[in-house]
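These notes concern the structure reproduced below.
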Amino acid sequence: MEVTIERILPGGFGLAHAESKTLLVALAAPGDRVRVRVDRKKGNVCFASIVEIVEPAQARVEPPCPYFGKCGGCDFQQLNYEAQSDAKLEIIKDCLHRIAKLERIPDFEITPAPNQWRYRSRAQWQYNAEQKRLGYFETASRRICDVVECAVLAPELQRELAVLRGRMAAGSLPDHARYFRLVSGDEGVAVSPSVQSPDVSERNVQIHRSICGEIYSLNTESFFQTNADLLPQLIEASIGHASGDAAVDLYCGVGLFTLPLARRFKHVIAVEENAAAANFAELNLANANLTNTRIENIDVAQWFETIFERGHREQQRHRFGSSNRHQGYEQSKKKIQSAAKAGVRQITAAGQLDLLLLDPPRVGAESRVIDGILQLLPKRITYISCDPATLARDLRKIMAGGYWLDSLAAFDMFPQTHHVETIANLTAPEAR
C-alpha cells in the first residue's frame, strides 16, 4: 500500500495511516510518500518496511553506510541532521505529553553532537568463528551483519576493527569468543576477550578517560557514556553550580557524576550494583583525593530498604524510651511519619538531602526506587535518561509525589539513531 509518513514516533518509526490502520514504518522520513509492506500486525497496528520511495521528503538523505537497513545499529541515517534533532525533540515531547500527562512542558533545546560521525568510543562486535563473521546483529535478529567499516566508530576503534578482521581472516582469533568489547581512553584502546595484540590492551587492564579535569579509570566491562564529546556539557547541565551538605548519586557506574558531586557537597553517597564499576568508582575517588564519599555496592532498591530499616530501628528506640504513654505515642507517630529523615541521617547528620541524582539504565527506575526517592524528600532531583518513554513514566510518579518539573535539557549523544539523552531537573514543593 502507498502511504505518507506524518511524523517520527518514539522508537524511531514513521507514523502513517491507511485502510483504517495505523502503520509504523521503519527507516522513514517525515513527509515521505512510500510504498510499504506489512511485516507483522499487533492489533490495529501494523509494522511495515519500505518497498519503494515514491516521493522522498525534503529531510531525506542518502545513507552513507552500505549496511544501513540491514545492521541493527543506526536507524536515522536517512534523515539530515536537522531533521534528526527535530525528531528527537518531538519524541521527548510526545512521551511527556502522552505518558507523563504533562500539559505544559518547559521550553528546552537539544545540544547537537560536535561530531555527527566517528563519535562512538565504545563498541561490542558479535563474532562467529565458523562463518568468519564479525560485526553487529542485524535488525530484529541474532544474525551477524559482517561489518568492514562502521561510520559512527571513533577512528581508533575503526583501526582495531581492521586489526580484529585481519586476525579473523588469519584464523588467530580465539574460537571460543562470541563477541569483542572495546573502549577507548586517553592512551589507547582496551579489548575483551584479549587477542594478545601489541596494539590492544589485555583484558580488564585499566584505561583512563579525562573529563572536565577529572580522570576516570575503567575497563571494557564498565559502563561509560559512549560519546565523550558531549560529557562536559552533560555534567554541567546535570549538576551545574549545585552545592550543599548532602547528595546521593544512584546508578553511579564508575563515578562520572560522583566526582564532581564530591567537590560540591560535604557528604555524598553513590550507589552502584555492579561490583567492578563500584570498585572503579572507589579508585577514581581515591585518585582524586576525595574522602567525603561512600560507595555502596548494592542494588539501588535494596539500598533504600537498608537505610529505611535502619531508620525504623532508630524510631523504635525513641518509641519505647518515653515514660508518658500518650506522649510516647505522639512522638512515635511523628517519628514513624518521618522514617525517611531517619534514613537520611545514615547519610548526613543534618538529616536533609540537598540533591539526588539518578542515571538509571534504559528500563528506568523500579517503582520501589521511585517510592524510596519520594520518602527521602530531596530538595532537588536530577534524572538523567537515555529513554524518553521510561523517563516520562517515572516523572509522572515523581510529580505525583509533589515534585515540580523545573527544566529539561536534551543532548544528542547518539547521532544517526533515534536515541537521545534527556535531563530533567525537579524541585520539592517546599524548596520552591
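Order determines the names: the first chain of the C-alpha cells is A, the second B, and so forth; residues in each chain are numbered 1 upward, and ligands are numbered 1 upward as they are shown.
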DSSP alpha helix (DSSP H) selection over region 36-285 of chain A, as number ranges by chain: A: 81-98, 155-170, 231-239, 258-262, 275-285
Polymer residues at most 8 Å from Val420 (chain A), only C-alpha atoms, same-chain spacing of 3 or more positions, as a ChimeraX atom specification: /A:88,386-388,410-414
How about saving the chosen residues, C-alpha atoms kept, as a PDB file, in the first residue's frame?
ATOM      1  CA  LYS A  88      14.273  13.674  18.893  1.00  0.00           C
ATOM      2  CA  CYS A 386      18.555   7.649  27.623  1.00  0.00           C
ATOM      3  CA  ASP A 387      14.926   6.637  27.011  1.00  0.00           C
ATOM      4  CA  PRO A 388      12.196   9.319  26.867  1.00  0.00           C
ATOM      5  CA  ALA A 410      18.427  17.186  25.708  1.00  0.00           C
ATOM      6  CA  PHE A 411      21.753  16.026  24.288  1.00  0.00           C
ATOM      7  CA  ASP A 412      22.356  14.238  21.011  1.00  0.00           C
ATOM      8  CA  MET A 413      24.681  11.621  22.430  1.00  0.00           C
ATOM      9  CA  PHE A 414      23.741   9.120  19.696  1.00  0.00           C
TER      10      PHE A 414
END
Could I get the residues of region 86-190 of chain A with an atom no further than 8 Å from an atom of region 216-231 of chain A, each paired with its nearest atom pair and that distance in Å to one decimal, using only C-alpha atoms, sorted by chain and residue number, as CSV?
residue,atom,partner,partner_atom,distance
A:Ala113,CA,A:Leu230,CA,6.7
A:Pro114,CA,A:Asp229,CA,6.6
A:Asn115,CA,A:Asp229,CA,7.7
A:Tyr119,CA,A:Asn227,CA,5.9
A:Arg120,CA,A:Thr226,CA,5.4
A:Ser121,CA,A:Thr226,CA,5.2
A:Arg122,CA,A:Thr226,CA,5.4
A:Arg181,CA,A:Thr220,CA,6.0
A:Leu182,CA,A:Thr220,CA,5.8
A:Val183,CA,A:Thr220,CA,5.6
A:Ala190,CA,A:Thr220,CA,6.4
Near-Pro174 (chain A) list (12 Å; only C-alpha atoms; drop same-chain fewer than 2 positions) as a PyMOL selection string: chain A and resi 127-130+132+164+167-168+170-172+176-180+192-196
All strand (DSSP E or B) positions in region 87-336 of chain A, as an MDAnalysis selection string: chainID A and resid 110:111 120 122:128 133:138 144:146 153 179:184 189:192 201 207:211 214:218 244:250 265:271 293:296
Serialized selection, C-alpha atoms, as a CSV table (one decimal), in the first residue's frame:
chain,number,residue,atom,x,y,z
A,110,ILE,CA,18.8,19.7,22.1
A,111,THR,CA,22.5,20.2,22.3
A,120,ARG,CA,31.4,6.1,19.4
A,122,ARG,CA,32.6,2.0,22.9
A,123,ALA,CA,31.6,-1.0,20.8
A,124,GLN,CA,30.6,-4.6,21.1
A,125,TRP,CA,31.0,-6.7,18.0
A,126,GLN,CA,29.5,-10.2,17.6
A,127,TYR,CA,31.8,-12.9,16.3
A,128,ASN,CA,31.2,-16.3,14.6
A,133,ARG,CA,31.7,-13.0,10.6
A,134,LEU,CA,32.4,-10.0,12.8
A,135,GLY,CA,30.0,-7.1,13.3
A,136,TYR,CA,26.7,-6.1,14.8
A,137,PHE,CA,23.5,-8.1,15.0
A,138,GLU,CA,21.1,-7.5,12.0
A,144,ILE,CA,25.6,-11.2,12.4
A,145,CYS,CA,26.0,-8.4,9.9
A,146,ASP,CA,29.6,-8.7,8.8
A,153,LEU,CA,33.0,4.5,15.2
A,179,TYR,CA,31.9,-11.1,21.0
A,180,PHE,CA,34.5,-8.5,21.5
A,181,ARG,CA,34.0,-5.4,23.6
A,182,LEU,CA,36.2,-2.3,23.1
A,183,VAL,CA,36.5,1.0,24.8
A,184,SER,CA,38.9,3.8,24.0
A,189,VAL,CA,42.1,1.0,23.4
A,190,ALA,CA,41.1,-1.9,25.6
A,191,VAL,CA,39.5,-5.1,24.3
A,192,SER,CA,38.0,-8.2,25.8
A,201,SER,CA,45.4,-3.7,26.0
A,207,ILE,CA,42.3,2.7,30.7
A,208,HIS,CA,41.8,6.3,31.6
A,209,ARG,CA,39.5,9.0,30.3
A,210,SER,CA,39.9,12.7,31.2
A,211,ILE,CA,36.7,14.6,31.5
A,214,GLU,CA,38.7,14.5,36.4
A,215,ILE,CA,40.5,11.3,35.4
A,216,TYR,CA,38.3,8.2,35.3
A,217,SER,CA,39.7,4.6,35.3
A,218,LEU,CA,37.6,1.9,33.7
A,244,GLY,CA,25.2,21.8,49.8
A,245,ASP,CA,25.5,19.4,52.7
A,246,ALA,CA,24.5,16.1,51.2
A,247,ALA,CA,23.9,14.4,47.8
A,248,VAL,CA,23.1,10.9,46.6
A,249,ASP,CA,24.2,9.5,43.2
A,250,LEU,CA,22.1,6.5,42.2
A,265,PHE,CA,28.8,18.7,48.6
A,266,LYS,CA,30.1,17.9,52.1
A,267,HIS,CA,28.8,14.4,52.1
A,268,VAL,CA,28.0,12.1,49.1
A,269,ILE,CA,26.7,8.6,48.8
A,270,ALA,CA,26.9,6.8,45.5
A,271,VAL,CA,25.1,3.5,44.8
A,293,THR,CA,32.1,10.0,49.6
A,294,ARG,CA,30.9,6.5,50.4
A,295,ILE,CA,30.3,3.9,47.6
A,296,GLU,CA,27.5,1.4,48.3
Atomic distance CA of Leu89 (chain A) - CA of Gln58 (chain A), expressed in Å with one decimal: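 We find that CA of Leu89 (chain A) and CA of Gln58 (chain A) lie 18.5 Å from each other.
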